[in-house]
Amino acid sequence: MQMRILPSLIAIPLLAGCATFPGTHSRDPANSRIGDAVYVDGPIVKPIAVIEDSRCPKSAQCVWAGRVRVKMLWMRGDGPREFILSTEGPTPIADGVMTLTAVRPERPKDGKIDANDYRFSLAFAGGL
């Protein structure tokens with residue numbers, strides 16, 4: 001009888017630790033948006049702001065292709081942690097690396113993209 005109670009008591013704190021995760025999140029890491037949490041092969045992350053978009057506008061010839069940097073939240077059991085993702089390469093997170101593999105839409109000639117129009121493709125390679 002006491003053996004049945006012990007696993008139940010252990011499960012309660014474990015479930016309580018999940019309370020800091022968002023109630024709902026997308027399972028489409030190829031189409032994430034600012035403000036929406038997304039499950040990326042393990043971690044749950046949320047893009048919160050584009051802090052740089054220096055990509056070359058479409059239909060323009062540029063010497064440098066530019067980059068995009070996005071401020072992200074990693075939704076951990078002990079609370080969210082901020083980190084920056086860049087199109088320049090992967091960022092260490094958890095037990096692996098998170099990569100910003102694509103950013104849409106292309107940058108227009110006037111350079112203006114509304115934050116709500118951005119879509120990000122994310123990938124996670126863990127257990128390295």
# chains A, B, ... in the order shown; residues from 1 in each chain; ligands from 1

$ select_by_dssp --residues "range 16-123 of chain A" --states "helix (DSSP H, G or I)" --output "PyMOL selection string"
chain A and resi 16-20+115-117

$ residues_around --residues "range 97-114 of chain A" --least-positions-apart "6" --cutoff "7 Å" --atoms "only C-alpha atoms" --output "count of residues only"
17

$ closest_residue --among "A:Ile93, A:Arg27, A:Tyr39, A:Arg33" --to "Val70 in chain A" --atoms "only C-alpha atoms"
A:Arg33

$ residues_around --residues "range 80-83 of chain A" --least-positions-apart "4" --cutoff "10 Å" --atoms "only C-alpha atoms" --output "list in words"
Thr20, Phe21, Ile44, Val45, Lys46, Pro47, Ile48, Val70, Lys71, Met72, Leu73, Trp74, Met75, Arg76, Thr91, Pro92 and Ile93 of chain A

$ write_last_selection --atoms "N, CA and C atoms" --output "PDB file, in the first residue's frame"
ATOM      1  N   THR A  20       5.562  26.007 -15.741  1.00  0.00           N
ATOM      2  CA  THR A  20       6.167  27.199 -16.339  1.00  0.00           C
ATOM      3  C   THR A  20       6.204  27.111 -17.857  1.00  0.00           C
ATOM      4  N   PHE A  21       5.931  25.945 -18.447  1.00  0.00           N
ATOM      5  CA  PHE A  21       5.885  25.808 -19.886  1.00  0.00           C
ATOM      6  C   PHE A  21       4.603  26.449 -20.394  1.00  0.00           C
ATOM      7  N   ILE A  44      11.502  23.570 -25.945  1.00  0.00           N
ATOM      8  CA  ILE A  44      10.419  24.461 -26.350  1.00  0.00           C
ATOM      9  C   ILE A  44      10.989  25.867 -26.290  1.00  0.00           C
ATOM     10  N   VAL A  45      10.925  26.567 -27.414  1.00  0.00           N
ATOM     11  CA  VAL A  45      11.483  27.909 -27.512  1.00  0.00           C
ATOM     12  C   VAL A  45      10.423  28.860 -28.049  1.00  0.00           C
ATOM     13  N   LYS A  46      10.663  30.164 -27.823  1.00  0.00           N
ATOM     14  CA  LYS A  46       9.732  31.177 -28.294  1.00  0.00           C
ATOM     15  C   LYS A  46      10.525  32.359 -28.869  1.00  0.00           C
ATOM     16  N   PRO A  47      10.370  32.643 -30.171  1.00  0.00           N
ATOM     17  CA  PRO A  47      10.966  33.863 -30.715  1.00  0.00           C
ATOM     18  C   PRO A  47      10.249  35.072 -30.108  1.00  0.00           C
ATOM     19  N   ILE A  48      11.011  36.044 -29.583  1.00  0.00           N
ATOM     20  CA  ILE A  48      10.346  37.197 -28.964  1.00  0.00           C
ATOM     21  C   ILE A  48      10.643  38.518 -29.670  1.00  0.00           C
ATOM     22  N   VAL A  70      17.739  36.843 -33.814  1.00  0.00           N
ATOM     23  CA  VAL A  70      16.439  36.779 -33.153  1.00  0.00           C
ATOM     24  C   VAL A  70      16.635  36.498 -31.671  1.00  0.00           C
ATOM     25  N   LYS A  71      16.001  37.332 -30.827  1.00  0.00           N
ATOM     26  CA  LYS A  71      16.012  37.078 -29.384  1.00  0.00           C
ATOM     27  C   LYS A  71      14.971  35.996 -29.111  1.00  0.00           C
ATOM     28  N   MET A  72      15.402  34.958 -28.381  1.00  0.00           N
ATOM     29  CA  MET A  72      14.567  33.793 -28.120  1.00  0.00           C
ATOM     30  C   MET A  72      14.441  33.559 -26.617  1.00  0.00           C
ATOM     31  N   LEU A  73      13.391  32.861 -26.236  1.00  0.00           N
ATOM     32  CA  LEU A  73      13.253  32.337 -24.876  1.00  0.00           C
ATOM     33  C   LEU A  73      13.271  30.828 -24.963  1.00  0.00           C
ATOM     34  N   TRP A  74      14.054  30.217 -24.111  1.00  0.00           N
ATOM     35  CA  TRP A  74      14.080  28.762 -23.962  1.00  0.00           C
ATOM     36  C   TRP A  74      13.204  28.475 -22.765  1.00  0.00           C
ATOM     37  N   MET A  75      12.090  27.781 -22.966  1.00  0.00           N
ATOM     38  CA  MET A  75      11.111  27.514 -21.921  1.00  0.00           C
ATOM     39  C   MET A  75      11.569  26.285 -21.127  1.00  0.00           C
ATOM     40  N   ARG A  76      12.263  26.550 -20.018  1.00  0.00           N
ATOM     41  CA  ARG A  76      12.806  25.487 -19.168  1.00  0.00           C
ATOM     42  C   ARG A  76      11.891  25.237 -17.983  1.00  0.00           C
ATOM     43  N   THR A  91      23.623  27.865 -32.131  1.00  0.00           N
ATOM     44  CA  THR A  91      23.803  28.383 -30.780  1.00  0.00           C
ATOM     45  C   THR A  91      23.675  27.226 -29.790  1.00  0.00           C
ATOM     46  N   PRO A  92      24.635  27.045 -28.879  1.00  0.00           N
ATOM     47  CA  PRO A  92      24.517  25.984 -27.871  1.00  0.00           C
ATOM     48  C   PRO A  92      23.296  26.223 -26.973  1.00  0.00           C
ATOM     49  N   ILE A  93      22.517  25.168 -26.767  1.00  0.00           N
ATOM     50  CA  ILE A  93      21.347  25.202 -25.894  1.00  0.00           C
ATOM     51  C   ILE A  93      21.079  23.770 -25.431  1.00  0.00           C
TER      52      ILE A  93
END
